file run_10.csv (CSV, C-alpha atoms and all ligand atoms)
chain,number,residue,atom,x,y,z
L,746,MET,CA,-63.8,20.1,-54.7
L,747,ARG,CA,-66.3,19.4,-52.0
L,748,VAL,CA,-66.0,17.6,-48.7
L,749,ASP,CA,-68.8,16.7,-46.4
L,750,PRO,CA,-67.9,18.3,-43.0
L,751,SER,CA,-70.1,15.7,-41.2
L,752,ALA,CA,-67.9,12.9,-42.6
L,753,VAL,CA,-64.8,14.6,-41.1
L,754,ILE,CA,-66.6,15.1,-37.7
L,755,GLU,CA,-67.7,11.4,-37.8
L,756,ARG,CA,-64.0,10.3,-38.3
L,757,LEU,CA,-63.0,12.5,-35.4
L,758,ARG,CA,-65.7,11.1,-33.1
L,759,ALA,CA,-64.8,7.5,-33.9
L,760,LEU,CA,-61.1,8.3,-33.4
L,761,ASP,CA,-61.9,9.9,-30.0
L,762,GLN,CA,-63.9,6.9,-28.9
L,763,ARG,CA,-61.1,4.4,-29.8
L,764,SER,CA,-58.1,6.3,-28.5
L,765,GLY,CA,-59.0,9.8,-27.3
L,766,GLY,CA,-56.5,11.4,-24.9
L,767,ARG,CA,-54.2,8.4,-25.2
L,768,ARG,CA,-52.4,8.9,-28.4
L,769,VAL,CA,-49.1,10.1,-26.9
L,770,ALA,CA,-46.4,9.8,-29.6
L,771,TRP,CA,-44.4,6.5,-29.6
L,772,SER,CA,-47.0,4.8,-27.3
L,773,ALA,CA,-48.8,1.6,-28.3
L,774,VAL,CA,-52.1,3.4,-28.6
L,775,TRP,CA,-50.6,6.0,-31.0
L,776,SER,CA,-48.8,3.4,-33.1
L,777,GLY,CA,-51.9,1.2,-33.1
L,778,GLU,CA,-54.0,4.0,-34.5
L,779,ARG,CA,-51.8,4.9,-37.4
L,780,PRO,CA,-52.1,1.7,-39.5
L,781,ARG,CA,-55.9,2.2,-39.4
L,782,LEU,CA,-55.4,5.5,-41.2
L,783,ALA,CA,-52.7,4.1,-43.5
L,784,ASN,CA,-54.9,1.2,-44.5
L,785,ASP,CA,-57.9,3.4,-45.0
L,786,LEU,CA,-55.9,5.8,-47.3
L,787,ALA,CA,-54.0,3.0,-49.1
L,788,ALA,CA,-57.4,1.5,-50.2
L,789,LEU,CA,-58.2,4.7,-52.2
L,790,PRO,CA,-57.7,4.5,-56.0
L,791,GLY,CA,-54.2,5.8,-57.0
L,792,VAL,CA,-53.0,6.5,-53.4
L,793,GLY,CA,-49.6,5.2,-52.1
L,794,VAL,CA,-48.8,5.2,-48.4
L,795,GLU,CA,-45.4,5.3,-46.8
L,796,THR,CA,-43.7,6.1,-43.6
L,797,ASP,CA,-40.5,8.3,-43.9
L,798,ALA,CA,-37.2,8.2,-42.0
L,799,ALA,CA,-38.6,10.3,-39.1
L,800,GLY,CA,-41.8,8.3,-38.7
L,801,ASN,CA,-44.1,10.7,-40.5
L,802,LEU,CA,-47.0,8.9,-42.3
L,803,TRP,CA,-47.6,10.0,-45.9
L,804,ALA,CA,-50.4,9.2,-48.4
L,805,THR,CA,-49.9,10.5,-51.9
L,806,LEU,CA,-52.2,10.8,-54.9
L,807,ARG,CA,-50.2,11.6,-58.0
L,808,GLY,CA,-51.7,14.5,-60.0
L,809,ARG,CA,-51.2,15.8,-63.5
L,810,ARG,CA,-48.2,17.8,-62.2
L,811,PRO,CA,-45.5,16.7,-59.8
L,812,GLU,CA,-45.8,19.9,-57.7
L,813,THR,CA,-47.4,18.7,-54.5
L,814,LEU,CA,-49.9,20.3,-52.1
L,815,VAL,CA,-49.4,18.8,-48.7
L,816,LEU,CA,-52.2,18.9,-46.1
L,817,GLY,CA,-51.7,17.6,-42.6
L,818,SER,CA,-51.3,17.9,-38.9
L,819,HIS,CA,-50.7,15.3,-36.2
L,820,LEU,CA,-52.6,12.4,-34.7
L,821,ASP,CA,-50.5,12.4,-31.5
L,822,CYS,CA,-51.8,14.2,-28.5
L,823,VAL,CA,-50.8,15.3,-25.0
L,824,PRO,CA,-52.0,12.9,-22.2
L,825,ASP,CA,-55.7,13.5,-21.7
L,826,GLY,CA,-55.7,15.8,-24.7
L,827,GLY,CA,-58.9,16.7,-26.5
L,828,TRP,CA,-60.7,15.3,-29.6
L,829,LEU,CA,-59.6,18.0,-32.1
L,830,ASP,CA,-56.0,19.1,-31.4
L,831,GLY,CA,-54.0,17.8,-34.4
L,832,CYS,CA,-56.4,15.1,-35.6
L,833,LEU,CA,-58.8,17.7,-37.0
L,834,GLY,CA,-56.1,18.6,-39.6
L,835,VAL,CA,-55.3,15.0,-40.4
L,836,MET,CA,-58.9,13.9,-40.8
L,837,VAL,CA,-59.9,16.8,-43.0
L,838,ALA,CA,-56.9,16.1,-45.2
L,839,ALA,CA,-57.8,12.4,-45.3
L,840,GLU,CA,-61.4,13.1,-46.3
L,841,LEU,CA,-60.2,15.6,-49.0
L,842,LEU,CA,-57.8,13.0,-50.3
L,843,ALA,CA,-60.6,10.4,-50.5
L,844,THR,CA,-62.8,12.9,-52.4
L,845,ALA,CA,-59.9,13.7,-54.8
L,846,ALA,CA,-59.0,10.1,-55.4
L,847,HIS,CA,-62.5,9.1,-56.3
L,848,ALA,CA,-62.7,12.1,-58.7
L,849,GLY,CA,-59.7,11.0,-60.7
L,850,SER,CA,-56.3,12.6,-61.3
L,851,PRO,CA,-56.1,16.0,-59.6
L,852,PRO,CA,-54.4,19.0,-61.3
L,853,CYS,CA,-51.3,18.7,-59.0
L,854,THR,CA,-50.1,16.0,-56.7
L,855,LEU,CA,-51.9,15.9,-53.4
L,856,ALA,CA,-50.4,14.4,-50.2
L,857,VAL,CA,-51.7,13.9,-46.6
L,858,VAL,CA,-49.2,13.8,-43.8
L,859,ASP,CA,-49.5,12.8,-40.2
L,860,TRP,CA,-46.4,14.3,-38.6
L,861,ALA,CA,-44.8,12.1,-35.9
L,862,ASP,CA,-44.6,13.6,-32.4
L,863,GLU,CA,-45.8,17.1,-32.8
L,864,GLU,CA,-46.5,17.5,-29.1
L,865,GLY,CA,-43.2,16.3,-27.6
L,866,SER,CA,-45.1,14.9,-24.7
L,867,ARG,CA,-42.7,12.1,-23.9
L,868,PHE,CA,-39.3,13.5,-24.7
L,869,GLY,CA,-40.0,17.2,-24.5
L,870,HIS,CA,-39.0,17.9,-28.1
L,871,SER,CA,-42.0,19.4,-30.0
L,872,LEU,CA,-42.4,19.3,-33.8
L,873,LEU,CA,-40.1,16.3,-34.1
L,874,GLY,CA,-41.2,14.8,-37.3
L,875,SER,CA,-41.8,18.0,-39.2
L,876,SER,CA,-38.6,19.5,-38.1
L,877,ALA,CA,-36.7,16.4,-39.2
L,878,ALA,CA,-38.4,16.6,-42.6
L,879,ALA,CA,-37.5,20.3,-42.9
L,880,GLY,CA,-33.8,19.4,-42.1
L,881,LEU,CA,-33.9,21.5,-38.9
L,882,LEU,CA,-32.9,18.6,-36.6
L,883,THR,CA,-29.6,16.9,-36.0
L,884,SER,CA,-29.3,13.5,-34.2
L,885,ARG,CA,-27.2,15.5,-31.7
L,886,ASP,CA,-30.3,17.6,-30.8
L,887,LEU,CA,-32.1,14.4,-29.9
L,888,ALA,CA,-29.4,12.0,-28.7
L,889,GLY,CA,-29.5,13.0,-25.0
L,890,LEU,CA,-33.3,13.0,-24.6
L,891,VAL,CA,-34.8,10.5,-22.1
L,892,ASP,CA,-38.4,10.0,-21.0
L,893,HIS,CA,-39.6,10.3,-17.4
L,894,GLU,CA,-38.5,6.7,-16.8
L,895,GLY,CA,-35.0,7.4,-18.1
L,896,ILE,CA,-35.5,5.4,-21.3
L,897,PRO,CA,-33.4,7.0,-24.1
L,898,ILE,CA,-35.2,8.4,-27.2
L,899,ALA,CA,-33.0,6.3,-29.6
L,900,ALA,CA,-34.3,3.0,-28.1
L,901,VAL,CA,-37.9,4.1,-28.3
L,902,LEU,CA,-37.7,5.5,-31.8
L,903,ALA,CA,-35.9,2.3,-33.0
L,904,GLU,CA,-38.9,0.3,-31.9
L,905,HIS,CA,-40.9,2.3,-34.4
L,906,GLY,CA,-38.4,1.9,-37.2
L,907,VAL,CA,-36.8,5.4,-36.8
L,908,ASN,CA,-33.0,5.6,-36.6
L,909,LEU,CA,-31.8,8.8,-35.0
L,910,GLN,CA,-28.8,9.0,-37.3
L,911,THR,CA,-31.0,9.3,-40.4
L,912,VAL,CA,-34.1,11.3,-39.3
L,913,ASN,CA,-33.2,14.1,-41.7
L,914,ASP,CA,-33.5,11.7,-44.6
L,915,ALA,CA,-37.2,12.5,-44.3
L,916,GLY,CA,-36.4,15.7,-46.1
L,917,ALA,CA,-36.3,13.9,-49.4
L,918,ARG,CA,-40.1,13.9,-49.3
L,919,LEU,CA,-40.2,17.7,-49.5
L,920,THR,CA,-38.5,18.0,-52.9
L,921,TRP,CA,-41.7,18.5,-54.9
L,922,VAL,CA,-43.7,20.2,-52.1
L,923,GLY,CA,-45.1,23.4,-53.5
L,924,ALA,CA,-47.4,24.4,-50.6
L,925,TYR,CA,-48.4,23.2,-47.2
L,926,LEU,CA,-51.8,23.9,-45.5
L,927,GLU,CA,-53.0,23.0,-42.0
L,928,LEU,CA,-56.4,23.3,-40.3
L,929,HIS,CA,-56.1,23.4,-36.5
L,930,ILE,CA,-58.0,24.5,-33.5
L,931,GLU,CA,-57.1,27.9,-32.1
L,932,GLN,CA,-56.4,26.6,-28.6
L,933,GLY,CA,-57.0,30.2,-27.3
L,934,PRO,CA,-60.0,32.5,-26.6
L,935,VAL,CA,-59.6,35.2,-29.3
L,936,LEU,CA,-61.9,33.9,-32.1
L,937,GLU,CA,-64.7,33.1,-29.7
L,938,ALA,CA,-64.4,36.6,-28.1
L,939,GLN,CA,-64.5,38.2,-31.6
L,940,GLY,CA,-67.6,36.1,-32.5
L,941,ARG,CA,-65.8,34.3,-35.3
L,942,SER,CA,-65.9,30.6,-36.1
L,943,CYS,CA,-62.6,30.5,-38.1
L,944,ALA,CA,-59.8,32.7,-39.3
L,945,ALA,CA,-56.7,32.7,-41.4
L,946,VAL,CA,-53.4,32.5,-39.6
L,947,LYS,CA,-50.5,34.6,-40.8
L,948,GLY,CA,-47.7,33.0,-38.9
L,949,CYS,CA,-46.4,31.8,-35.6
L,950,GLY,CA,-45.0,34.1,-33.0
L,951,GLY,CA,-41.5,33.9,-31.6
L,952,ALA,CA,-40.4,33.5,-28.0
L,953,ARG,CA,-37.4,34.4,-25.8
L,954,ARG,CA,-37.2,32.7,-22.3
L,955,MET,CA,-34.9,33.3,-19.4
L,956,ARG,CA,-34.4,32.6,-15.8
L,957,LEU,CA,-33.6,35.5,-13.4
L,958,THR,CA,-32.1,35.4,-9.9
L,959,PHE,CA,-32.1,38.4,-7.7
L,960,SER,CA,-29.8,38.0,-4.7
L,961,GLY,CA,-30.0,40.2,-1.6
L,962,GLU,CA,-29.5,40.0,2.2
L,963,ALA,CA,-31.5,38.1,4.8
L,964,GLY,CA,-33.0,40.0,7.7
L,965,HIS,CA,-35.7,39.9,10.4
L,966,ALA,CA,-39.1,41.1,9.1
L,967,GLY,CA,-39.6,43.0,12.3
L,968,THR,CA,-36.3,44.8,12.8
L,969,VAL,CA,-34.7,45.9,9.6
L,970,PRO,CA,-36.0,49.3,8.4
L,971,MET,CA,-37.3,49.4,4.9
L,972,GLU,CA,-34.6,51.8,3.7
L,973,HIS,CA,-31.8,49.4,4.9
L,974,ARG,CA,-33.1,46.4,3.1
L,975,ARG,CA,-31.6,44.7,0.1
L,976,ASP,CA,-34.8,42.7,-0.7
L,977,PRO,CA,-34.7,40.5,-3.8
L,978,VAL,CA,-38.5,40.0,-3.7
L,979,ARG,CA,-39.0,43.8,-4.0
L,980,ALA,CA,-36.5,43.7,-7.0
L,981,ALA,CA,-38.5,40.9,-8.6
L,982,ALA,CA,-41.8,42.6,-8.0
L,983,GLU,CA,-40.6,45.9,-9.6
L,984,PHE,CA,-39.1,44.0,-12.5
L,985,ILE,CA,-42.3,41.9,-13.1
L,986,ALA,CA,-44.7,44.8,-13.0
L,987,THR,CA,-42.6,46.8,-15.5
L,988,ALA,CA,-41.9,43.8,-17.9
L,989,LEU,CA,-45.5,42.7,-18.0
L,990,ARG,CA,-46.8,46.2,-18.6
L,991,ARG,CA,-44.2,46.8,-21.3
L,992,ALA,CA,-45.2,43.6,-23.2
L,993,ARG,CA,-48.9,44.6,-23.1
L,994,ASP,CA,-48.1,48.1,-24.4
L,995,ASP,CA,-46.0,46.7,-27.3
L,996,GLY,CA,-48.6,44.2,-28.4
L,997,GLY,CA,-46.6,41.2,-27.1
L,998,LEU,CA,-47.1,38.7,-24.3
L,999,ALA,CA,-45.0,38.2,-21.2
L,1000,THR,CA,-45.4,35.5,-18.6
L,1001,VAL,CA,-43.7,34.9,-15.3
L,1002,GLY,CA,-44.6,31.3,-14.9
L,1003,GLU,CA,-42.2,30.5,-12.0
L,1004,LEU,CA,-41.5,32.6,-9.0
L,1005,GLN,CA,-39.8,31.5,-5.8
L,1006,ALA,CA,-38.5,33.4,-2.8
L,1007,ARG,CA,-35.7,31.7,-0.9
L,1008,PRO,CA,-35.6,30.4,1.8
L,1009,GLY,CA,-39.3,31.3,1.9
L,1010,THR,CA,-40.2,32.2,5.5
L,1011,PRO,CA,-43.0,34.7,6.4
L,1012,THR,CA,-40.8,36.4,9.0
L,1013,ALA,CA,-37.5,36.8,7.0
L,1014,ILE,CA,-36.4,39.0,4.2
L,1015,ALA,CA,-35.5,36.5,1.4
L,1016,THR,CA,-31.9,36.0,0.3
L,1017,ALA,CA,-32.8,35.2,-3.2
L,1018,CYS,CA,-35.8,35.4,-5.6
L,1019,HIS,CA,-36.0,33.3,-8.8
L,1020,ALA,CA,-38.3,34.1,-11.7
L,1021,THR,CA,-38.7,32.9,-15.2
L,1022,LEU,CA,-39.7,35.2,-18.0
L,1023,ASP,CA,-41.2,34.1,-21.3
L,1024,VAL,CA,-41.8,36.9,-23.8
L,1025,ARG,CA,-43.5,36.5,-27.2
L,1026,HIS,CA,-44.2,38.6,-30.2
L,1027,ALA,CA,-45.1,38.1,-33.8
L,1028,ASP,CA,-42.4,40.5,-35.0
L,1029,VAL,CA,-38.8,39.7,-34.5
L,1030,GLY,CA,-37.7,43.3,-34.1
L,1031,ALA,CA,-40.4,43.9,-31.4
L,1032,LEU,CA,-39.5,40.6,-29.8
L,1033,ASP,CA,-35.8,41.5,-29.6
L,1034,ARG,CA,-36.8,45.0,-28.2
L,1035,LEU,CA,-39.0,43.3,-25.5
L,1036,GLU,CA,-36.2,41.0,-24.5
L,1037,ALA,CA,-33.7,43.8,-24.3
L,1038,ALA,CA,-36.2,46.0,-22.3
L,1039,ALA,CA,-36.8,43.1,-19.9
L,1040,VAL,CA,-33.1,42.7,-19.3
L,1041,GLU,CA,-32.6,46.4,-18.8
L,1042,THR,CA,-35.6,46.6,-16.4
L,1043,ALA,CA,-34.2,43.7,-14.4
L,1044,HIS,CA,-30.9,45.4,-14.0
L,1045,ALA,CA,-32.6,48.7,-13.0
L,1046,ALA,CA,-34.7,46.8,-10.4
L,1047,ALA,CA,-31.5,45.2,-9.0
L,1048,HIS,CA,-29.8,48.6,-8.9
L,1049,ASP,CA,-32.8,50.3,-7.1
L,1050,THR,CA,-32.9,47.6,-4.4
L,1051,GLY,CA,-29.2,47.1,-3.8
L,1052,THR,CA,-29.5,43.4,-5.0
L,1053,THR,CA,-27.5,41.6,-7.6
L,1054,LEU,CA,-28.8,39.9,-10.7
L,1055,GLY,CA,-28.0,36.8,-12.6
L,1056,ILE,CA,-29.7,36.0,-16.0
L,1057,GLU,CA,-29.6,32.6,-17.7
L,1058,PRO,CA,-31.1,32.3,-21.2
L,1059,LEU,CA,-33.4,29.2,-21.5
L,1060,TRP,CA,-34.9,29.1,-25.0
L,1061,SER,CA,-35.3,31.2,-28.1
L,1062,ILE,CA,-37.2,30.9,-31.3
L,1063,ASP,CA,-37.8,33.5,-34.0
L,1064,PRO,CA,-41.3,34.3,-35.3
L,1065,ILE,CA,-42.1,32.9,-38.7
L,1066,ALA,CA,-44.5,34.5,-41.2
L,1067,PHE,CA,-46.6,32.4,-43.6
L,1068,ASP,CA,-46.9,33.0,-47.4
L,1069,SER,CA,-48.6,36.3,-47.9
L,1070,GLY,CA,-50.4,35.1,-51.0
L,1071,LEU,CA,-51.8,32.0,-49.4
L,1072,VAL,CA,-52.7,34.0,-46.2
L,1073,ALA,CA,-54.7,36.4,-48.4
L,1074,ASP,CA,-56.5,33.4,-50.0
L,1075,ALA,CA,-57.1,32.0,-46.5
L,1076,ILE,CA,-58.6,35.4,-45.4
L,1077,ARG,CA,-60.9,35.4,-48.5
L,1078,HIS,CA,-62.1,31.8,-47.9
L,1079,THR,CA,-62.7,32.3,-44.2
L,1080,ASP,CA,-64.5,35.4,-43.0
L,1081,GLY,CA,-62.6,38.2,-44.8
L,1082,ARG,CA,-61.4,39.6,-41.4
L,1083,PRO,CA,-57.8,40.0,-40.3
L,1084,ALA,CA,-55.6,36.9,-39.9
L,1085,LEU,CA,-54.3,35.9,-36.4
L,1086,THR,CA,-50.8,35.1,-35.3
L,1087,SER,CA,-50.5,31.8,-33.6
L,1088,GLY,CA,-49.0,32.0,-30.1
L,1089,ALA,CA,-48.5,28.2,-30.1
L,1090,LEU,CA,-46.1,26.4,-32.5
L,1091,HIS,CA,-47.4,24.2,-35.2
L,1092,ASP,CA,-45.8,21.8,-37.8
L,1093,ALA,CA,-46.6,24.5,-40.4
L,1094,ALA,CA,-43.9,26.7,-38.8
L,1095,ALA,CA,-41.2,24.1,-39.6
L,1096,LEU,CA,-42.2,24.0,-43.3
L,1097,ALA,CA,-42.5,27.8,-43.6
L,1098,ARG,CA,-39.0,28.1,-42.1
L,1099,VAL,CA,-37.5,26.2,-45.0
L,1100,GLY,CA,-39.3,28.4,-47.6
L,1101,ILE,CA,-42.3,26.3,-48.4
L,1102,PRO,CA,-45.4,28.5,-49.1
L,1103,THR,CA,-47.5,27.8,-46.0
L,1104,ALA,CA,-50.8,28.9,-44.5
L,1105,MET,CA,-53.1,27.8,-41.7
L,1106,VAL,CA,-56.7,28.1,-40.8
L,1107,PHE,CA,-57.8,28.2,-37.1
L,1108,VAL,CA,-61.3,27.2,-35.9
L,1109,ALA,CA,-62.5,28.7,-32.7
L,1110,SER,CA,-62.0,26.8,-29.4
L,1111,ARG,CA,-64.8,26.8,-26.9
L,1112,ALA,CA,-63.6,29.0,-23.9
L,1113,GLY,CA,-60.1,28.8,-25.4
L,1114,ILE,CA,-59.6,25.4,-23.6
L,1115,SER,CA,-57.1,22.9,-25.2
L,1116,HIS,CA,-54.7,20.2,-24.1
L,1117,SER,CA,-57.6,18.9,-22.0
L,1118,ARG,CA,-60.5,16.5,-22.4
L,1119,ALA,CA,-62.7,19.6,-22.1
L,1120,GLU,CA,-61.4,20.9,-25.4
L,1121,ASP,CA,-64.4,21.5,-27.8
L,1122,THR,CA,-65.6,23.3,-30.8
L,1123,SER,CA,-69.2,23.6,-32.0
L,1124,ASP,CA,-70.3,21.4,-35.0
L,1125,ALA,CA,-71.4,24.7,-36.7
L,1126,ALA,CA,-67.9,26.3,-36.4
L,1127,LEU,CA,-66.3,23.0,-37.6
L,1128,HIS,CA,-68.6,23.0,-40.7
L,1129,THR,CA,-67.7,26.6,-41.5
L,1130,ALA,CA,-63.9,26.0,-41.0
L,1131,ILE,CA,-63.8,22.7,-42.9
L,1132,THR,CA,-65.6,24.2,-45.9
L,1133,ALA,CA,-63.3,27.2,-45.9
L,1134,PHE,CA,-60.2,25.0,-45.6
L,1135,VAL,CA,-61.3,22.8,-48.5
L,1136,ALA,CA,-61.9,25.9,-50.7
L,1137,LEU,CA,-58.4,27.1,-49.8
L,1138,ALA,CA,-56.9,23.7,-50.7
L,1139,SER,CA,-58.8,23.9,-54.1
L,1140,SER,CA,-57.5,27.4,-54.9
L,1141,THR,CA,-54.0,26.4,-53.9
L,1142,MET,CA,-54.1,23.4,-56.2
L,1143,GLN,CA,-55.1,25.8,-59.0
L,1144,ARG,CA,-52.2,28.1,-58.2
L,1145,LEU,CA,-49.8,25.1,-58.2
L,1146,GLU,CA,-51.2,23.9,-61.5
L,1147,ALA,CA,-50.7,27.4,-63.0
L,1148,GLY,CA,-47.1,27.6,-61.6
L,1149,ARG,CA,-48.2,30.6,-59.5
L,1150,LEU,CA,-46.5,29.6,-56.2
L,1151,ALA,CA,-42.8,29.8,-55.7
L,1152,ARG,CA,-40.6,28.5,-52.9
L,1153,SER,CA,-38.4,31.1,-51.2
L,1154,PRO,CA,-34.8,30.2,-50.3
L,1155,GLY,CA,-35.8,29.5,-46.7
U,1,ZN,ZN,-51.7,20.5,-32.4

call {"tool": "encode", "arguments": {"input": "run_10.csv", "output": "structure tokens", "more": "lines below"}}
Ligand SMILES: [Zn+2]
result
Amino acid sequence: MRVDPSAVIERLRALDQRSGGRRVAWSAVWSGERPRLANDLAALPGVGVETDAAGNLWATLRGRRPETLVLGSHLDCVPDGGWLDGCLGVMVAAELLATAAHAGSPPCTLAVVDWADEEGSRFGHSLLGSSAAAGLLTSRDLAGLVDHEGIPIAAVLAEHGVNLQTVNDAGARLTWVGAYLELHIEQGPVLEAQGRSCAAVKGCGGARRMRLTFSGEAGHAGTVPMEHRRDPVRAAAEFIATALRRARDDGGLATVGELQARPGTPTAIATACHATLDVRHADVGALDRLEAAAVETAHAAAHDTGTTLGIEPLWSIDPIAFDSGLVADAIRHTDGRPALTSGALHDAAALARVGIPTAMVFVASRAGISHSRAEDTSDAALHTAITAFVALASSTMQRLEAGRLARSPG
């Protein structure tokens, strides 16, 4: 199967001109854009279009076998987001479906999905539509969420025909799904630094996040000798230096994104120091070790400095590996070089988590910039990545036709 990459880029530029940076999920701009896509796809021969119980938009072309290859991503964006994040994966899927529909009945069923609310920009819950379809959400997870104006999520979703009590009914769509593929921008600087235009992605990394509070004793900056101090800032500094070095040495990532000394006066030893730590790793064992080492380091720093320590867990998600066979195909169809692990979460992670064979392709991001109007990728890199992705989709359809892809129990 062949797709003209220029046609995909044209779709993306037109979309950006109409609604670029303004398609926040559940907004009027976002919900105004989706019927355009739906009408466009519904006009193709043999294609049926539906919206599921979680607000995901599906276009399906029945093939010679019911096993379904799903291609997709998300049209929604963060406020002032770029022209590629999410919509690249939807538009390449739409163009591929159009090509397949005009060519007649494909070897297996082909579906395009635009997942609802990947970004979680309004209610803070990322991967909403894909998680609901994968049966990973309960209405209880969502019930208490409100936007920045205090409007509850239930009321907003109801305006879009989505009932919180029945979001998981979207899972019915996945019964025949044999594989899921997603093309996305990298949103980081690695591919550009390696001089690559695109790469296979072998999974999404996991994260552990916690808040730490070191508590000590206030004192005058000019009178208390250093050896008498119980300084929580010194404790935090020792902790941070060690935790960050440890993550680097273990091939992980560690970020202290928040750091505050209280009360925060230049002439006083602080009474407390608050820090958050976010650690990430592609391997669950290594991630658990990094988390345990961070906790141990924090206790040691508190002990060294005569301070006390409180730790509050904030968030945790395990890494997820994609299907090794599809990842090997993706490597072959891209540049043959090693696959990346995604540090960011994607809808593909939700599907992989329930045992659907999944893979992704990343295209390089200029200077690694994303979630910004400055987000960009060269046309040349897009051409290479789109061509590779379409080849991967074709080989995956052949695997499905031959019954050579199996779902794992998830
Ligand atoms: Zn995205």

call {"tool": "residues_around", "arguments": {"input": "run_10.csv", "residues": "range 1028-1035 of chain L", "least_positions_apart": "5", "cutoff": "7 Å", "atoms": "only C-alpha atoms", "output": "JSON list (two decimals) with C-alpha atoms, in the frame of the given file"}}
result
[["chain", "number", "residue", "atom", "x", "y", "z"],
["L", 992, "ALA", "CA", -45.20, 43.60, -23.20],
["L", 1063, "ASP", "CA", -37.80, 33.50, -34.00],
["L", 1064, "PRO", "CA", -41.30, 34.30, -35.30]]

call {"tool": "residues_near_ligand", "arguments": {"input": "run_10.csv", "ligand": "ligand ZN 1 (chain U)", "cutoff": "12 Å", "atoms": "all atoms listed in the file", "output": "MDAnalysis selection string"}}
result
chainID L and resid 817:823 826:835 859:866 871:872 927:932 1087 1089:1094 1105 1107 1115:1116 1120

call {"tool": "residues_around", "arguments": {"input": "run_10.csv", "residues": "range 844-854 of chain L", "least_positions_apart": "5", "cutoff": "6 Å", "atoms": "all atoms listed in the file", "output": "list in words"}}
result
Pro790, Leu806, Arg807, Gly808, Arg809, Arg810, Pro811, Glu812, Thr813 and Glu1146 of chain L

call {"tool": "atom_distance", "arguments": {"input": "run_10.csv", "atom1": "CA of Asp825 in chain L", "atom2": "CA of Ser764 in chain L"}}
result
10.2 Å

call {"tool": "residues_around", "arguments": {"input": "run_10.csv", "residues": "Thr1086 in chain L", "least_positions_apart": "4", "cutoff": "6 Å", "atoms": "only C-alpha atoms", "output": "CSV table (one decimal) with C-alpha atoms, in the coordinates of the input"}}
result
chain,number,residue,atom,x,y,z
L,946,VAL,CA,-53.4,32.5,-39.6
L,947,LYS,CA,-50.5,34.6,-40.8
L,948,GLY,CA,-47.7,33.0,-38.9
L,949,CYS,CA,-46.4,31.8,-35.6

call {"tool": "closest_residue", "arguments": {"input": "run_10.csv", "among": "L:Val901, L:Leu842, L:Asp886, L:Leu1004", "to": "Trp771 in chain L", "atoms": "only C-alpha atoms"}}
result
L:Val901

call {"tool": "residues_around", "arguments": {"input": "run_10.csv", "residues": "range 967-975 of chain L", "least_positions_apart": "5", "cutoff": "8 Å", "atoms": "all atoms listed in the file", "output": "JSON, numbers by chain"}}
result
{"L": [961, 962, 1012, 1050, 1051, 1052]}

call {"tool": "residues_around", "arguments": {"input": "run_10.csv", "residues": "Ala1073 in chain L", "least_positions_apart": "4", "cutoff": "9 Å", "atoms": "all atoms listed in the file", "output": "MDAnalysis selection string"}}
result
chainID L and resid 945 947 1068:1069 1077:1078 1081 1084

call {"tool": "atom_distance", "arguments": {"input": "run_10.csv", "atom1": "CA of Gly1148 in chain L", "atom2": "CA of Ala924 in chain L"}}
result
11.5 Å

call {"tool": "closest_residue", "arguments": {"input": "run_10.csv", "among": "L:Ala1006, L:Ala839, L:Ile1062, L:Leu1127", "to": "Val858 in chain L", "atoms": "only C-alpha atoms"}}
result
L:Ala839

call {"tool": "build_atoms", "arguments": {"input": "run_10.csv", "residues": "range 1012-1018 of chain L", "atoms": "N, CA, C and O atoms", "output": "PDB file, in the frame of the given file"}}
result
ATOM      1  N   THR L1012     -41.354  35.425   8.088  1.00  0.00           N
ATOM      2  CA  THR L1012     -40.800  36.400   9.000  1.00  0.00           C
ATOM      3  C   THR L1012     -39.357  36.827   8.615  1.00  0.00           C
ATOM      4  O   THR L1012     -38.677  37.482   9.404  1.00  0.00           O
ATOM      5  N   ALA L1013     -38.893  36.457   7.432  1.00  0.00           N
ATOM      6  CA  ALA L1013     -37.500  36.800   7.000  1.00  0.00           C
ATOM      7  C   ALA L1013     -37.509  37.456   5.651  1.00  0.00           C
ATOM      8  O   ALA L1013     -38.223  37.001   4.744  1.00  0.00           O
ATOM      9  N   ILE L1014     -36.672  38.483   5.497  1.00  0.00           N
ATOM     10  CA  ILE L1014     -36.400  39.000   4.200  1.00  0.00           C
ATOM     11  C   ILE L1014     -35.675  37.909   3.397  1.00  0.00           C
ATOM     12  O   ILE L1014     -34.747  37.283   3.930  1.00  0.00           O
ATOM     13  N   ALA L1015     -36.101  37.656   2.178  1.00  0.00           N
ATOM     14  CA  ALA L1015     -35.500  36.500   1.400  1.00  0.00           C
ATOM     15  C   ALA L1015     -34.064  36.868   1.033  1.00  0.00           C
ATOM     16  O   ALA L1015     -33.691  38.040   0.907  1.00  0.00           O
ATOM     17  N   THR L1016     -33.266  35.829   0.826  1.00  0.00           N
ATOM     18  CA  THR L1016     -31.900  36.000   0.300  1.00  0.00           C
ATOM     19  C   THR L1016     -31.876  36.030  -1.194  1.00  0.00           C
ATOM     20  O   THR L1016     -30.999  36.616  -1.813  1.00  0.00           O
ATOM     21  N   ALA L1017     -32.824  35.307  -1.786  1.00  0.00           N
ATOM     22  CA  ALA L1017     -32.800  35.200  -3.200  1.00  0.00           C
ATOM     23  C   ALA L1017     -34.268  35.116  -3.747  1.00  0.00           C
ATOM     24  O   ALA L1017     -35.150  34.607  -3.035  1.00  0.00           O
ATOM     25  N   CYS L1018     -34.488  35.576  -4.974  1.00  0.00           N
ATOM     26  CA  CYS L1018     -35.800  35.400  -5.600  1.00  0.00           C
ATOM     27  C   CYS L1018     -35.542  34.966  -7.062  1.00  0.00           C
ATOM     28  O   CYS L1018     -34.831  35.632  -7.814  1.00  0.00           O
TER      29      CYS L1018
END
